[in-house]
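What follows is a short report on a single structure.
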Amino acid sequence: MEIKDSDTVGYRQENLSLINEIRRLKKEKHVVLLAHYYQVPEIQDIADFIGDSLALAQQARDTTADIILFAGVHFMAETAKILNPNKKVLIPDLTAGCSLADACKAEDLKAMKAEYPDHMVLSYVNCSAEVKCLSDLICTSGNALKLVNALPADQKILFVPDRNLGGYINRMTGRNMRLWPGCCEVHNLLEAEKVLKLKQAHPEAKLIAHPECNQAVLEIADFVGSTAAMLKFIKEDASSAYVVATETGILHAMLKICPEKKFYIASPSDMTCCENDCPHMKKNTLEKIYRCLVDESPEIILSDEVIERAAKPIEAMLRMS
Ligand code: 13P
Ligand code: SF4
């Protein structure tokens with residue numbers, strides 16, 4: 001999604017000064033700022049590009065900027081480095097991780113591979129660079145179904161690390177992929193019962209859900225898709241309202257695309273007004289982005305060997321996408 005400068009009109013003065021400094025430094029240092037849809041609105045509005053994991057990886061691969069500043073989480077910035085290793089890749093907070101990436105350690109995957117030597121390893125992009133090195137193919141929530149459908153029907157697959165996305169793909173394709181037991185700490189907490197209550201309070205609304213949600217939520221959803229797929233859906237769909245089962249940050253892009261529609265974010269809490277924030281995504285702030293531009297740090301550093309090995313399954317994904 002392309003961003004216009006006019007998007008930041010109306011920001012508070014202290015934010016505006018930071019925003020102006022960030023814009024100046026970006027230009028001076030030839031930096032491209034990539035932001036995920038789960039970032040806070042003020043970060044989305046100053047990004048050069050916002051997108052889902054797949055689109056951001058493609059942007060990182062193709063950019064001609066000298067520096068990539070990635071306002072997302074660690075595995076996303078690592079993927080950018082792997083795809084464009086000659087660029088300096090910066091991340092505002094090095095500790096912005098992901099419960100899915102943490103759920104699958106390279107040593108454990110090595111052991112599992114030894115147990116199932118006839119299985120190929122298909123890894124969701126939400127995993128570490130070391131896990132990518134042990135993978136045959138990477139997927140995102142935006143292309144997982146397409147990629148799995150393109151694999152031979154008798155291909156045995158070990159899917160890591162998201163059991164919810166993996167289970168969804170199994171149900172949609174009729175496959176029987178072996179699933180790693182990881183999950184997203186944000187999406188997995190959404191409960192079908194509470195989501196249904198919210199839907200009952202807004203009977204005109206359709207339920208749209210990210211495939212990282214658990215099976216009970218996905219089974220009652222009217223539409224399941226990646227962040228970018230959800231945005232495409234609400235743009236093309238005729239309904240006037242949606243219950244949204246994913247992270248709060250996406251509402252900003254939804255309201256920009258469809259300002260006349262109503263969006264109700266599903267929450268793990270009983271309070272219908274609560275937000276559903278990823279604590280890792282929300283570690284990024286305007287202040288940290290500014291400091292990151294001044295210091296050109298924290299930087300993503302990976303060995304040449306890791307970059308070479310991890311690039312193979314990611315590039316295979318991009319060719320198939
Ligand atoms: P998307 O690829 O849909 O943007 O998902 C990334 C993610 O981390 C969702 O939790
Ligand atoms: Fe990871 Fe979940 Fe946060 Fe996405 S929302 S970055 S999957 S913890």
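Residues are named by chain letter and number: chains run A, B, ... in the order of the structure tokens, numbers start at 1 in each chain, and ligands are numbered from 1 in the order shown.
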Using only C-alpha atoms and all ligand atoms, which residues of chain A come within 9 Å of ligand 1, and what is the closest atom pair for each, with the distance in Å to one decimal? Give it as CSV, sorted by chain and residue number.
```
residue,atom,partner,partner_atom_place_in_ligand_line,distance
A:His36,CA,ligand 1,4 (O),6.7
A:Tyr37,CA,ligand 1,4 (O),6.8
A:Tyr38,CA,ligand 1,4 (O),7.9
A:Gly51,CA,ligand 1,4 (O),6.7
A:Asp52,CA,ligand 1,4 (O),3.3
A:Ser53,CA,ligand 1,2 (O),3.9
A:Leu54,CA,ligand 1,2 (O),6.0
A:Ala55,CA,ligand 1,2 (O),8.2
A:Leu56,CA,ligand 1,4 (O),8.7
A:Gly72,CA,ligand 1,8 (O),8.7
A:Val73,CA,ligand 1,8 (O),8.1
A:Met76,CA,ligand 1,8 (O),8.6
A:Cys98,CA,ligand 1,8 (O),7.6
A:Leu100,CA,ligand 1,8 (O),8.5
A:Val125,CA,ligand 1,2 (O),8.2
A:Asn126,CA,ligand 1,8 (O),6.5
A:Thr140,CA,ligand 1,2 (O),5.5
A:Ser141,CA,ligand 1,2 (O),5.1
A:Gly142,CA,ligand 1,2 (O),5.9
A:Asn143,CA,ligand 1,2 (O),8.9
A:Cys184,CA,ligand 1,10 (O),6.8
A:Val186,CA,ligand 1,10 (O),7.6
A:His187,CA,ligand 1,10 (O),7.2
A:His210,CA,ligand 1,3 (O),6.8
A:Pro211,CA,ligand 1,3 (O),8.2
A:Glu212,CA,ligand 1,10 (O),6.7
A:Gly225,CA,ligand 1,3 (O),7.2
A:Ser226,CA,ligand 1,3 (O),3.5
A:Thr227,CA,ligand 1,3 (O),4.0
A:Ala228,CA,ligand 1,3 (O),6.3
A:Ala229,CA,ligand 1,3 (O),7.7
A:Met230,CA,ligand 1,3 (O),8.6
A:Thr246,CA,ligand 1,10 (O),7.5
A:Glu247,CA,ligand 1,10 (O),7.2
A:Cys278,CA,ligand 1,10 (O),8.0
A:Met281,CA,ligand 1,8 (O),8.7
```
Checklist line | alpha helix (DSSP H) positions in segment 157-301 of chain A, given as a ChimeraX atom specification | finding: /A:163-173,192-201,215-220,227-236,250-257,286-295
Check: Counting only C-alpha atoms, what is within 10 Å of segment 249-261 of chain A, bar same-chain residues fewer than 3 positions away, as a ChimeraX atom specification?
Finding: /A:1,7,36-42,44-45,50-51,205,227-228,230-232,234-236,238-242,244,246,264-265,275-278,281-282
Check: If you run DSSP on the backbone, which residues of segment 129-219 of chain A are strand (DSSP E), as number ranges by chain?
Finding: A: 137-139, 157-160, 178-179, 206-209
Next item on the list: Could you check which of A:Asp118, A:Asp162, A:Glu28, A:Glu21 is closest to ligand 2, using only C-alpha atoms and all ligand atoms?
Entry: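 Residue with the minimum atom-to-atom distance to ligand 2: A:Asp162.
With only C-alpha atoms and all ligand atoms as the basis for measurement, A:Thr248 is the residue among A:Thr248, A:Asn20, A:Gln59, A:Gln155 that approaches ligand 2 most closely.
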Margin query: Quick one: residues within 12 Å of Glu315 of chain A, only C-alpha atoms, excluding same-chain residues fewer than 4 positions away - as a list in words?
Written below: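 Answer for this query is Leu54, Ala57, Gln58, Arg61, Thr79, Ala80, Ile82, Leu83, Asn84, Val125, Lys132, Ser135, Asp136, Leu137, Ile138, Cys139, Ile307, Glu308, Arg309, Ala310, Ala311, Arg319, Met320 and Ser321 of chain A.
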For those residues, write C-alpha atoms to a file as a compact mmCIF listing (two decimals), in the first residue's frame.
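So the final result, stored in again01.txt, reads:
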```txt
# COMPACT_ATOMS: atom_id res chain seq x y z
CA LEU A 54 4.69 -11.40 1.65
CA ALA A 57 9.49 -9.35 1.68
CA GLN A 58 8.99 -8.52 -2.01
CA ARG A 61 14.07 -7.74 -2.17
CA THR A 79 13.90 -11.99 5.91
CA ALA A 80 14.63 -8.57 4.41
CA ILE A 82 18.37 -12.52 3.61
CA LEU A 83 16.68 -11.28 0.42
CA ASN A 84 18.84 -8.18 0.02
CA VAL A 125 7.79 -17.22 7.43
CA LYS A 132 14.67 -21.22 7.47
CA SER A 135 13.46 -25.65 5.52
CA ASP A 136 12.71 -26.74 1.95
CA LEU A 137 10.10 -24.07 1.33
CA ILE A 138 8.77 -20.99 3.13
CA CYS A 139 5.20 -19.70 2.95
CA ILE A 307 22.02 -15.90 4.39
CA GLU A 308 22.95 -18.32 1.60
CA ARG A 309 21.09 -21.29 3.12
CA ALA A 310 18.00 -19.36 4.29
CA ALA A 311 17.64 -17.58 0.94
CA ARG A 319 9.14 -17.86 -7.53
CA MET A 320 5.96 -19.84 -6.73
CA SER A 321 3.96 -16.82 -5.42
```
